[in-house]
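One file, my_file16.cif, is given below (mmCIF, C-alpha atoms and all ligand atoms).
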data_final
loop_
_atom_site.label_atom_id
_atom_site.label_comp_id
_atom_site.auth_asym_id
_atom_site.auth_seq_id
_atom_site.Cartn_x
_atom_site.Cartn_y
_atom_site.Cartn_z
CA MET J 206 0.00 0.00 0.00
CA ALA J 207 1.37 3.38 -0.95
CA ASP J 208 2.20 5.99 1.65
CA SER J 209 0.98 9.46 0.84
CA GLY J 210 4.23 10.72 2.28
CA VAL J 211 5.32 11.66 -1.24
CA ALA J 212 4.67 15.12 0.18
CA GLY J 213 5.48 16.89 -3.07
CA THR J 214 7.42 20.11 -2.91
CA MET J 215 5.03 21.73 -5.35
CA MET J 216 2.12 23.49 -3.70
CA ALA J 217 -0.49 25.11 -5.87
CA VAL J 218 -2.61 27.90 -4.44
CA ASP J 219 -5.28 30.10 -5.90
CA SER J 220 -4.11 33.20 -7.71
CA ARG J 221 -4.19 36.36 -5.67
CA PRO J 222 -2.00 39.42 -5.94
CA PRO J 223 0.67 39.70 -3.23
CA GLY J 224 0.05 42.22 -0.46
CA PRO J 225 -1.85 42.55 2.79
CA MET J 226 -4.47 39.86 3.46
CA PRO J 227 -7.91 41.19 2.49
CA PRO J 228 -10.84 40.69 4.87
CA ALA J 229 -12.63 37.38 4.36
CA LYS J 230 -15.48 37.84 1.86
CA PRO J 231 -18.76 35.93 2.15
CA PRO J 232 -19.01 33.32 -0.61
CA LYS J 233 -22.16 32.60 -2.63
CA ALA J 234 -22.13 28.84 -2.06
CA LYS J 235 -25.22 27.14 -3.50
CA SER J 236 -25.32 23.79 -1.84
CA SER J 237 -23.57 24.55 1.42
CA ASN J 238 -24.82 24.48 4.99
CA VAL J 239 -22.37 27.10 5.99
CA GLY J 240 -23.53 29.79 8.39
CA SER J 241 -26.54 27.88 9.66
CA ALA J 242 -27.95 29.23 12.91
CA LYS J 243 -29.82 26.13 14.12
CA ALA J 244 -29.23 22.41 13.95
CA ASP J 245 -31.49 21.09 11.22
CA PRO J 246 -31.37 17.27 10.89
CA ALA J 247 -32.29 17.42 7.18
CA ARG J 248 -29.51 19.86 6.43
CA LEU J 249 -26.99 17.86 8.46
CA TYR J 250 -28.08 14.58 6.86
CA ARG J 251 -27.74 16.15 3.44
CA ALA J 252 -24.20 17.32 4.26
CA VAL J 253 -22.89 13.98 5.58
CA ARG J 254 -24.64 11.94 2.89
CA ARG J 255 -23.31 14.24 0.15
CA ILE J 256 -19.72 13.83 1.35
CA ARG J 257 -20.19 10.05 1.70
CA ARG J 258 -21.56 9.70 -1.81
CA VAL J 259 -18.90 11.95 -3.34
CA GLU J 260 -16.17 9.81 -1.78
CA GLU J 261 -17.87 6.56 -2.78
CA GLU J 262 -17.92 7.87 -6.35
CA VAL J 263 -14.25 8.84 -6.05
CA ALA J 264 -13.51 5.25 -4.93
CA ARG J 265 -15.54 3.87 -7.86
CA ILE J 266 -13.81 6.06 -10.47
CA TYR J 267 -10.29 5.74 -9.03
CA PRO J 268 -9.33 2.44 -10.73
CA THR J 269 -10.13 3.94 -14.16
CA ASP J 270 -7.11 6.26 -13.82
CA LYS J 271 -9.23 9.34 -14.49
CA ILE J 272 -8.22 10.58 -11.05
CA LYS J 273 -4.65 11.74 -11.27
CA SER J 274 -3.64 11.96 -7.61
CA PRO J 275 -3.69 9.66 -4.57
CA VAL J 276 -6.95 9.83 -2.62
CA HIS J 277 -7.29 9.66 1.17
CA LEU J 278 -10.94 8.97 1.88
CA SER J 279 -12.67 10.12 5.05
CA ILE J 280 -15.62 7.73 4.72
CA GLY J 281 -16.85 7.21 8.30
CA GLN J 282 -15.37 10.49 9.59
CA GLU J 283 -17.81 12.89 7.87
CA GLY J 284 -19.69 13.83 11.07
CA VAL J 285 -16.67 15.70 12.41
CA ALA J 286 -16.28 18.10 9.49
CA VAL J 287 -20.03 18.66 9.23
CA GLY J 288 -20.53 19.11 12.98
CA VAL J 289 -17.79 21.76 13.11
CA CYS J 290 -18.59 23.59 9.85
CA ASP J 291 -22.39 23.68 10.04
CA PRO J 292 -22.56 26.56 12.56
CA LEU J 293 -19.73 28.52 10.88
CA GLU J 294 -20.45 31.62 8.82
CA PRO J 295 -19.13 32.44 5.34
CA ARG J 296 -16.53 34.81 6.85
CA ASP J 297 -15.07 31.91 8.86
CA ALA J 298 -12.33 29.75 7.40
CA VAL J 299 -11.05 26.18 7.52
CA SER J 300 -7.67 24.56 6.96
CA GLY J 301 -7.51 20.86 6.24
CA THR J 302 -5.30 17.86 5.67
CA TYR J 303 -4.62 15.62 2.66
CA ARG J 304 -7.71 13.71 3.92
CA GLY J 305 -9.61 16.91 3.19
CA HIS J 306 -12.60 16.18 0.93
CA ALA J 307 -15.00 16.40 3.90
CA THR J 308 -13.49 19.61 5.27
CA TYR J 309 -13.64 21.27 1.83
CA LEU J 310 -17.21 20.23 1.10
CA ALA J 311 -18.55 20.88 4.62
CA LYS J 312 -17.28 24.48 4.43
CA GLY J 313 -18.93 25.06 1.07
CA GLY J 314 -16.03 24.35 -1.31
CA ASP J 315 -17.18 24.00 -4.90
CA LEU J 316 -17.90 20.34 -5.76
CA LYS J 317 -17.33 20.70 -9.52
CA ALA J 318 -13.96 22.35 -8.90
CA MET J 319 -13.05 19.55 -6.47
CA ILE J 320 -13.81 16.72 -8.89
CA ALA J 321 -12.07 18.60 -11.70
CA GLU J 322 -9.05 18.99 -9.41
CA LEU J 323 -8.92 15.24 -8.81
CA PHE J 324 -9.11 14.73 -12.59
CA GLY J 325 -6.16 17.15 -13.03
CA LYS J 326 -8.23 19.55 -15.12
CA ASP J 327 -7.75 23.30 -15.64
CA THR J 328 -11.12 24.01 -14.00
CA GLY J 329 -9.97 22.35 -10.76
CA CYS J 330 -9.80 24.35 -7.55
CA ALA J 331 -5.98 24.41 -7.77
CA ARG J 332 -6.04 24.54 -11.60
CA GLY J 333 -5.38 20.80 -11.73
CA LYS J 334 -1.97 21.10 -10.09
CA GLY J 335 -2.74 20.12 -6.51
CA GLY J 336 -4.93 17.04 -6.75
CA SER J 337 -6.95 15.54 -3.93
CA MET J 338 -4.41 16.43 -1.23
CA HIS J 339 -4.29 20.18 -1.96
CA LEU J 340 -7.90 21.35 -2.08
CA VAL J 341 -8.42 25.10 -1.77
CA ASP J 342 -11.35 27.43 -2.38
CA MET J 343 -10.88 30.98 -1.15
CA LYS J 344 -14.43 31.90 -2.25
CA ALA J 345 -15.59 29.61 0.57
CA ASN J 346 -12.60 30.43 2.82
CA VAL J 347 -11.15 26.95 2.48
CA LEU J 348 -7.56 28.05 3.07
CA GLY J 349 -5.95 24.93 1.71
CA CYS J 350 -4.96 21.38 2.49
CA SER J 351 -1.50 19.85 2.34
CA ALA J 352 0.24 16.50 1.87
CA VAL J 353 2.85 17.51 4.44
CA VAL J 354 1.50 16.40 7.83
CA GLY J 355 0.88 19.29 10.22
CA THR J 356 1.70 22.14 7.83
CA THR J 357 -1.76 23.65 7.73
CA VAL J 358 -1.87 24.01 11.53
CA PRO J 359 0.34 27.13 11.68
CA VAL J 360 -1.30 28.38 8.47
CA ALA J 361 -4.65 28.38 10.31
CA ALA J 362 -3.15 30.36 13.20
CA GLY J 363 -1.61 32.86 10.78
CA PHE J 364 -4.95 33.44 9.09
CA ALA J 365 -6.61 33.75 12.51
CA LEU J 366 -4.03 36.35 13.52
CA ALA J 367 -4.84 38.31 10.35
CA GLN J 368 -8.57 38.12 11.12
CA LYS J 369 -7.96 39.35 14.65
CA ARG J 370 -5.89 42.32 13.44
CA LEU J 371 -8.44 43.16 10.74
CA GLY J 372 -11.24 42.91 13.30
CA THR J 373 -13.44 40.71 11.11
CA GLY J 374 -14.68 38.57 14.02
CA ALA J 375 -14.02 35.49 11.88
CA VAL J 376 -12.80 32.20 13.32
CA VAL J 377 -10.68 29.49 11.69
CA ALA J 378 -11.37 25.78 12.12
CA CYS J 379 -8.09 23.89 11.85
CA PHE J 380 -8.49 20.17 11.10
CA LEU J 381 -5.61 17.81 11.87
CA GLY J 382 -5.06 14.09 12.41
CA ASP J 383 -3.83 12.38 15.57
CA GLY J 384 -0.51 11.85 13.77
CA ALA J 385 -0.23 15.57 13.06
CA SER J 386 -0.43 16.26 16.80
CA GLU J 387 3.05 14.67 17.01
CA GLU J 388 4.58 17.32 14.76
CA GLY J 389 6.54 20.09 16.48
CA CYS J 390 4.44 22.77 14.80
CA PHE J 391 1.38 21.56 16.74
CA PRO J 392 2.47 22.54 20.29
CA GLU J 393 4.21 25.62 18.86
CA THR J 394 0.95 26.73 17.29
CA LEU J 395 -1.10 25.92 20.39
CA ASN J 396 1.19 28.11 22.46
CA PHE J 397 1.12 30.99 19.97
CA ALA J 398 -2.66 30.80 19.53
CA ALA J 399 -3.26 30.71 23.29
CA LEU J 400 -0.80 33.53 23.98
CA HIS J 401 -2.37 35.81 21.36
CA LYS J 402 -5.94 34.63 21.99
CA LEU J 403 -6.41 33.70 18.36
CA PRO J 404 -9.84 32.55 17.17
CA VAL J 405 -8.86 29.00 16.19
CA ILE J 406 -10.98 25.88 16.65
CA PHE J 407 -8.38 23.11 16.66
CA VAL J 408 -10.09 19.88 15.61
CA CYS J 409 -8.10 16.67 15.99
CA GLU J 410 -9.78 13.86 14.04
CA ASN J 411 -8.37 11.02 16.11
CA ASN J 412 -8.93 7.91 14.00
CA GLY J 413 -6.41 5.96 16.06
CA PHE J 414 -3.82 5.50 13.33
CA ALA J 415 -1.03 7.30 11.51
CA ILE J 416 -0.92 5.17 8.37
CA HIS J 417 -0.65 1.69 10.06
CA GLU J 418 0.75 2.78 13.40
CA PRO J 419 -1.79 2.69 16.26
CA LEU J 420 -1.86 5.26 19.07
CA ALA J 421 -0.65 2.72 21.64
CA LYS J 422 2.70 2.47 19.82
CA ARG J 423 3.05 6.24 19.47
CA TRP J 424 1.68 8.04 22.53
CA ALA J 425 3.02 7.59 26.08
CA THR J 426 -0.48 8.50 27.29
CA ASP J 427 -3.72 9.05 25.43
CA LYS J 428 -4.42 12.25 27.39
CA LEU J 429 -4.23 14.61 24.43
CA CYS J 430 -6.83 16.99 25.87
CA GLU J 431 -4.89 17.15 29.13
CA ARG J 432 -1.73 18.10 27.23
CA VAL J 433 -3.58 20.81 25.31
CA ARG J 434 -5.10 22.25 28.49
CA THR J 435 -1.62 23.04 29.83
CA TYR J 436 -1.54 25.83 27.23
CA GLY J 437 -4.67 27.31 28.76
CA ILE J 438 -6.87 26.10 25.91
CA PRO J 439 -10.26 24.54 26.80
CA ALA J 440 -10.20 21.02 25.37
CA THR J 441 -13.09 18.57 24.91
CA ARG J 442 -13.07 14.94 23.83
CA PHE J 443 -15.95 13.50 21.77
CA ALA J 444 -15.73 9.75 22.21
CA ASP J 445 -18.30 8.97 19.50
CA SER J 446 -17.90 12.03 17.22
CA ASP J 447 -21.67 12.54 17.24
CA THR J 448 -22.43 15.24 14.66
CA LEU J 449 -25.10 16.96 16.75
CA LYS J 450 -22.95 17.05 19.89
CA ILE J 451 -19.97 18.47 18.02
CA ARG J 452 -22.19 21.02 16.30
CA ALA J 453 -23.77 22.16 19.57
CA HIS J 454 -20.36 22.54 21.21
CA VAL J 455 -18.96 24.68 18.37
CA ALA J 456 -22.13 26.79 18.08
CA LYS J 457 -21.95 27.57 21.80
CA ALA J 458 -18.24 28.47 21.65
CA LEU J 459 -18.44 30.80 18.64
CA PRO J 460 -19.77 34.05 20.23
CA LYS J 461 -17.04 34.06 22.87
CA MET J 462 -14.36 33.28 20.29
CA ARG J 463 -15.55 36.08 18.02
CA ALA J 464 -15.30 38.45 20.98
CA GLY J 465 -11.63 37.61 21.62
CA GLY J 466 -11.96 34.59 23.92
CA GLY J 467 -9.12 32.68 22.27
CA PRO J 468 -8.81 29.18 20.86
CA ILE J 469 -10.61 25.95 21.74
CA PHE J 470 -9.62 22.34 21.06
CA LEU J 471 -11.76 19.34 20.11
CA GLU J 472 -10.50 15.76 20.08
CA CYS J 473 -12.97 13.73 18.03
CA LEU J 474 -12.50 9.97 18.21
CA THR J 475 -13.47 8.52 14.87
CA TRP J 476 -12.66 5.74 12.38
CA ARG J 477 -11.61 5.71 8.76
CA TRP J 478 -13.46 2.84 7.15
CA ARG J 479 -11.16 2.50 4.14
CA GLU J 480 -7.39 2.09 3.74
CA HIS J 481 -5.03 4.98 4.53
CA VAL J 482 -4.65 5.92 0.89
CA GLY J 483 -6.68 4.54 -1.99
CA PRO J 484 -10.20 3.28 -2.55
CA GLY J 485 -9.90 -0.13 -0.88
CA GLU J 486 -9.92 -1.57 2.63
CA ASP J 487 -6.96 -2.65 4.77
CA TYR J 488 -8.50 -5.18 7.15
CA ASP J 489 -6.40 -8.01 5.69
CA ALA J 490 -3.17 -6.18 6.61
CA GLY J 491 -3.50 -7.39 10.20
CA PHE J 492 -3.26 -4.13 12.11
CA ARG J 493 -6.98 -3.54 12.71
CA SER J 494 -10.07 -5.66 12.59
CA LYS J 495 -13.44 -5.78 10.88
CA ALA J 496 -14.99 -6.16 14.34
CA GLU J 497 -13.82 -2.62 15.17
CA LEU J 498 -15.24 -1.38 11.88
CA ALA J 499 -18.60 -2.95 12.73
CA LYS J 500 -18.57 -1.15 16.09
CA TRP J 501 -18.02 2.20 14.39
CA GLN J 502 -20.54 1.50 11.67
CA LYS J 503 -23.22 1.56 14.37
CA LYS J 504 -22.20 5.20 14.94
CA ASP J 505 -22.24 6.01 11.22
CA PRO J 506 -23.24 9.69 10.97
CA VAL J 507 -25.13 9.08 7.72
CA LEU J 508 -27.17 6.31 9.32
CA LEU J 509 -27.84 8.19 12.57
CA LEU J 510 -28.88 11.47 10.93
CA GLY J 511 -30.84 9.63 8.24
CA ARG J 512 -32.94 7.98 10.95
CA LYS J 513 -34.16 11.41 12.00
CA LEU J 514 -35.95 11.88 8.66
CA ASP J 515 -38.83 10.05 7.10
CA LYS J 516 -38.19 7.85 4.08
CA LYS J 517 -39.66 10.29 1.57
CA ALA J 518 -37.62 13.25 2.78
CA ARG J 519 -34.47 11.14 2.73
CA ALA J 520 -35.14 9.87 -0.80
CA ALA J 521 -35.65 13.42 -2.09
CA ILE J 522 -32.35 14.55 -0.59
CA ASP J 523 -30.55 11.47 -1.91
CA ALA J 524 -31.85 12.06 -5.45
CA GLU J 525 -30.74 15.67 -5.38
CA ILE J 526 -27.26 14.64 -4.25
CA GLU J 527 -26.94 12.00 -6.99
CA ALA J 528 -27.87 14.54 -9.66
CA GLU J 529 -25.39 17.08 -8.32
CA ILE J 530 -22.54 14.53 -8.21
CA ALA J 531 -23.29 13.26 -11.73
CA GLU J 532 -23.20 16.86 -12.98
CA ALA J 533 -19.87 17.50 -11.24
CA ILE J 534 -18.30 14.37 -12.76
CA ALA J 535 -19.58 15.29 -16.22
CA PHE J 536 -18.17 18.80 -15.73
CA ALA J 537 -14.75 17.40 -14.79
CA GLU J 538 -14.73 15.00 -17.74
CA ALA J 539 -15.64 17.73 -20.21
CA SER J 540 -13.11 20.21 -18.79
CA PRO J 541 -9.83 20.93 -20.60
CA TRP J 542 -6.37 19.94 -19.39
CA PRO J 543 -4.20 22.82 -18.17
CA ALA J 544 -2.25 24.47 -20.99
CA THR J 545 1.52 23.85 -21.08
CA ARG J 546 2.11 27.53 -20.35
CA GLU J 547 0.43 26.97 -16.95
CA LEU J 548 3.32 24.75 -15.80
CA PHE J 549 5.04 27.57 -13.93
CA THR J 550 2.10 29.69 -12.77
CA ASP J 551 1.01 29.53 -9.10
CA VAL J 552 4.00 27.31 -8.29
CA PHE J 553 6.19 28.58 -5.48
CA ALA J 554 8.78 25.83 -4.99
C1 LIG Q 601 5.88 15.89 7.62
C2 LIG Q 601 5.41 14.55 7.15
N1 LIG Q 601 5.83 13.45 7.80
C3 LIG Q 601 5.42 12.22 7.41
C4 LIG Q 601 4.56 12.09 6.34
C5 LIG Q 601 4.09 10.70 5.92
N2 LIG Q 601 2.69 10.54 6.33
C6 LIG Q 601 1.68 10.71 5.46
S1 LIG Q 601 0.20 10.49 6.17
C7 LIG Q 601 0.88 10.15 7.67
C8 LIG Q 601 0.00 9.79 8.85
C9 LIG Q 601 -0.66 10.94 9.47
O1 LIG Q 601 -1.66 10.47 10.35
P1 LIG Q 601 -2.80 11.37 10.93
O2 LIG Q 601 -2.28 12.74 11.17
O3 LIG Q 601 -3.35 10.66 12.11
O4 LIG Q 601 -3.87 11.48 9.77
P2 LIG Q 601 -4.82 10.36 9.15
O5 LIG Q 601 -4.12 9.84 7.92
O6 LIG Q 601 -5.06 9.31 10.15
O7 LIG Q 601 -6.04 11.09 8.74
C10 LIG Q 601 2.25 10.22 7.60
C11 LIG Q 601 3.16 9.95 8.73
C12 LIG Q 601 4.15 13.27 5.66
N3 LIG Q 601 3.31 13.24 4.62
N4 LIG Q 601 4.55 14.49 6.11
MG MG Q 602 -4.93 9.37 12.23
#
Structure translated into structure tokens:
Amino acid sequence: MADSGVAGTMMAVDSRPPGPMPPAKPPKAKSSNVGSAKADPARLYRAVRRIRRVEEEVARIYPTDKIKSPVHLSIGQEGVAVGVCDPLEPRDAVSGTYRGHATYLAKGGDLKAMIAELFGKDTGCARGKGGSMHLVDMKANVLGCSAVVGTTVPVAAGFALAQKRLGTGAVVACFLGDGASEEGCFPETLNFAALHKLPVIFVCENNGFAIHEPLAKRWATDKLCERVRTYGIPATRFADSDTLKIRAHVAKALPKMRAGGGPIFLECLTWRWREHVGPGEDYDAGFRSKAELAKWQKKDPVLLLGRKLDKKARAAIDAEIEAEIAEAIAFAEASPWPATRELFTDVFA
């Protein structure tokens, strides 16, 4: 199984003139939940189901070689991104990881541009140069994702510092894996964010593994929240990553954060159903079991939120999602490849 650690040196970003960071602008996202005041089960179901189905389609298409980059699927983990992003407003931002499809979509990133990016097309959100691991959409304040573990953590704090200085009242949700919490930039950023009372929601999606290595072989204790609290940051663990509980926690924290209350930290225990990288499963590799998968499948956010709706309402949402995904795939297929002259634009290293 391939390791995504290829961590390319090339990082594509969206084109903006150099100069001082402009205030975050509200995007006009059609199918996003972003900025929602109240928890609405139908809206939340739609969001988790949409991400699930997009990634299932990515897994289906992947073997055809139409997708030009490795894919790290977050199937099973969708409730975290949706729970955090649902109460955010358009002015708020997110930074993500190479396992970033859910983060990007939950914050209102453009689906067509995401699929086109995976296909390596010019209409992709990073003009076809970043692939699945480098999703970005500044219209939705998706600041970017990176193949290099941990890198987007300080980026989130930097953007939060800019927001604080500009007085926008915006917050930044910074998604990271349990493995990323072992990078030096993580405690450095916690300290800086706490010291300067930066509006960052640190969200550790603790799926128990860094590639194949379980927590028990990597952490002296599993008291991550306790470690974070030593920086003066309120830290909360969600043992089941229930979408509604995460959403309620973030919604409650936001007013204080917008008023200068400083960062918060969420540790969300979760489970990636598929292999580390690629469309398949890894239960025959001997480092985790199908029995554990079955345990987590009972907490499936799509299943749990779907149960809150009647069959007819669910079917209508599902049909809408299928049509939208089919349109996005057709858009990506029909899109042109980047022109040769684009080889050196938006490339910084
Ligand atoms: C700086 C750096 N070190 C190592 C790697 C190789 N690598 C790729 S993914 C990964 C595991 C990260 O695990 P985690 O943060 O828990 O995220 P998950 O894949 O579980 O979502 C590692 C070590 C890398 N890409 N970048
Ligand atoms: Mg992990």
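Residues with any atom within 9 Å of Ala537 in chain J, counting all atoms listed in the file and excluding same-chain neighbours fewer than 4 positions away, are Lys317, Ala318, Met319, Ile320, Ala321, Glu322, Leu323, Phe324, Gly325, Lys326, Thr328, Gly329, Glu532, Ala533 and Pro541 of chain J.
With distances restricted to all atoms listed in the file, J:Arg479 is the closest residue to ligand LIG 601 (chain Q) from J:Arg257, J:Arg479, J:Arg370, J:Lys334.
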Could you work out how far CA of Met343 in chain J lies from CA of Ile438 in chain J, giving the answer in Å with one decimal?
-> 27.8 Å
Listed atoms of range 443-447 of chain J, axis-aligned box, 3 Å per side: centre and edge lengths to one decimal in Å, as JSON?
{"center_x": -18.7, "center_y": 11.2, "center_z": 19.7, "size_x": 11.9, "size_y": 10.5, "size_z": 11.0}
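Nearest to ligand MG 602 (chain Q) of all the residues J:His277, J:Lys457, J:Lys495, J:Arg452 is J:His277, based on all atoms listed in the file.
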Straight-line distance linking atom C11 of ligand LIG 601 (chain Q) with CA of Leu381 in chain J, stated in Å to one decimal | 12.2 Å
Find the residues near Pro392 in chain J: any atom within 12 Å, counting all atoms listed in the file, skip ones fewer than 5 places away on the same chain, and give them as JSON, numbers by chain.
-> {"J": [355, 358, 359, 362, 385, 386, 387, 397, 398, 399, 407, 429, 432, 433, 434, 435, 436, 438]}
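Considering only C-alpha atoms, the residue among J:Gly281, J:Asp291, J:Gln368, J:Gly483 positioned nearest to Tyr267 in chain J is J:Gly483.
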Give the residue list for ligand LIG 601 (chain Q) at 8 Å, counting all atoms listed in the file, as a VMD selection string, sorted by chain and then by residue number.
-> chain J and resid 208 to 212 277 279 302 to 304 352 to 356 381 to 386 388 410 to 416 477 481
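CA of Gly349 in chain J is positioned 18.8 Å from CA of Leu403 in chain J.
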Using all atoms listed in the file, give me every residue within 8 Å of (-28.6, 27.5, 15.4) in file coordinates, as a ChimeraX atom specification.
-> /J:241-244,292,456
Write out as a list of chain:residue names the residues lying within 10 Å of range 517-525 of chain J, counting all atoms listed in the file and excluding same-chain residues fewer than 2 positions away.
-> J:Ala247, J:Arg248, J:Tyr250, J:Arg251, J:Ala252, J:Arg254, J:Arg255, J:Arg258, J:Leu510, J:Gly511, J:Arg512, J:Lys513, J:Leu514, J:Asp515, J:Glu527, J:Ala528, J:Glu529, J:Ile530
Output of the above residues as a PDB file, in the frame of the given file, restricted to C-alpha atoms:
ATOM      1  CA  ALA J 247     -32.290  17.420   7.180  1.00  0.00           C
ATOM      2  CA  ARG J 248     -29.510  19.860   6.430  1.00  0.00           C
ATOM      3  CA  TYR J 250     -28.080  14.580   6.860  1.00  0.00           C
ATOM      4  CA  ARG J 251     -27.740  16.150   3.440  1.00  0.00           C
ATOM      5  CA  ALA J 252     -24.200  17.320   4.260  1.00  0.00           C
ATOM      6  CA  ARG J 254     -24.640  11.940   2.890  1.00  0.00           C
ATOM      7  CA  ARG J 255     -23.310  14.240   0.150  1.00  0.00           C
ATOM      8  CA  ARG J 258     -21.560   9.700  -1.810  1.00  0.00           C
ATOM      9  CA  LEU J 510     -28.880  11.470  10.930  1.00  0.00           C
ATOM     10  CA  GLY J 511     -30.840   9.630   8.240  1.00  0.00           C
ATOM     11  CA  ARG J 512     -32.940   7.980  10.950  1.00  0.00           C
ATOM     12  CA  LYS J 513     -34.160  11.410  12.000  1.00  0.00           C
ATOM     13  CA  LEU J 514     -35.950  11.880   8.660  1.00  0.00           C
ATOM     14  CA  ASP J 515     -38.830  10.050   7.100  1.00  0.00           C
ATOM     15  CA  GLU J 527     -26.940  12.000  -6.990  1.00  0.00           C
ATOM     16  CA  ALA J 528     -27.870  14.540  -9.660  1.00  0.00           C
ATOM     17  CA  GLU J 529     -25.390  17.080  -8.320  1.00  0.00           C
ATOM     18  CA  ILE J 530     -22.540  14.530  -8.210  1.00  0.00           C
TER      19      ILE J 530
END
Within 8 Å of Val289 in chain J, counting all atoms listed in the file, which residues show up once you throw out same-chain ones fewer than 5 positions away? Write them as a ChimeraX atom specification, please.
-> /J:378,451-452,455
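Across J:Phe492, J:Ile534, J:Phe553, J:Val376, the tightest approach to Lys422 in chain J is made by J:Phe492 when counting all atoms listed in the file.
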Compare J:Cys473, J:Leu509, J:Leu548, J:Ile526 by their minimum atom-to-atom distance to ligand MG 602 (chain Q), counting only C-alpha atoms and all ligand atoms, and give me the closest one.
-> J:Cys473
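Every protein, DNA or RNA residue with an atom at most 7 Å from Ala345 in chain J, where all atoms listed in the file count and chain neighbours fewer than 5 positions away do not, is listed here: Pro232, Pro295, Lys312, Gly313 and Gly314 of chain J.
With only C-alpha atoms as the atoms that count, the residue of J:His306, J:Arg296, J:Lys461, J:Lys428 with the shortest distance to His339 in chain J is J:His306.
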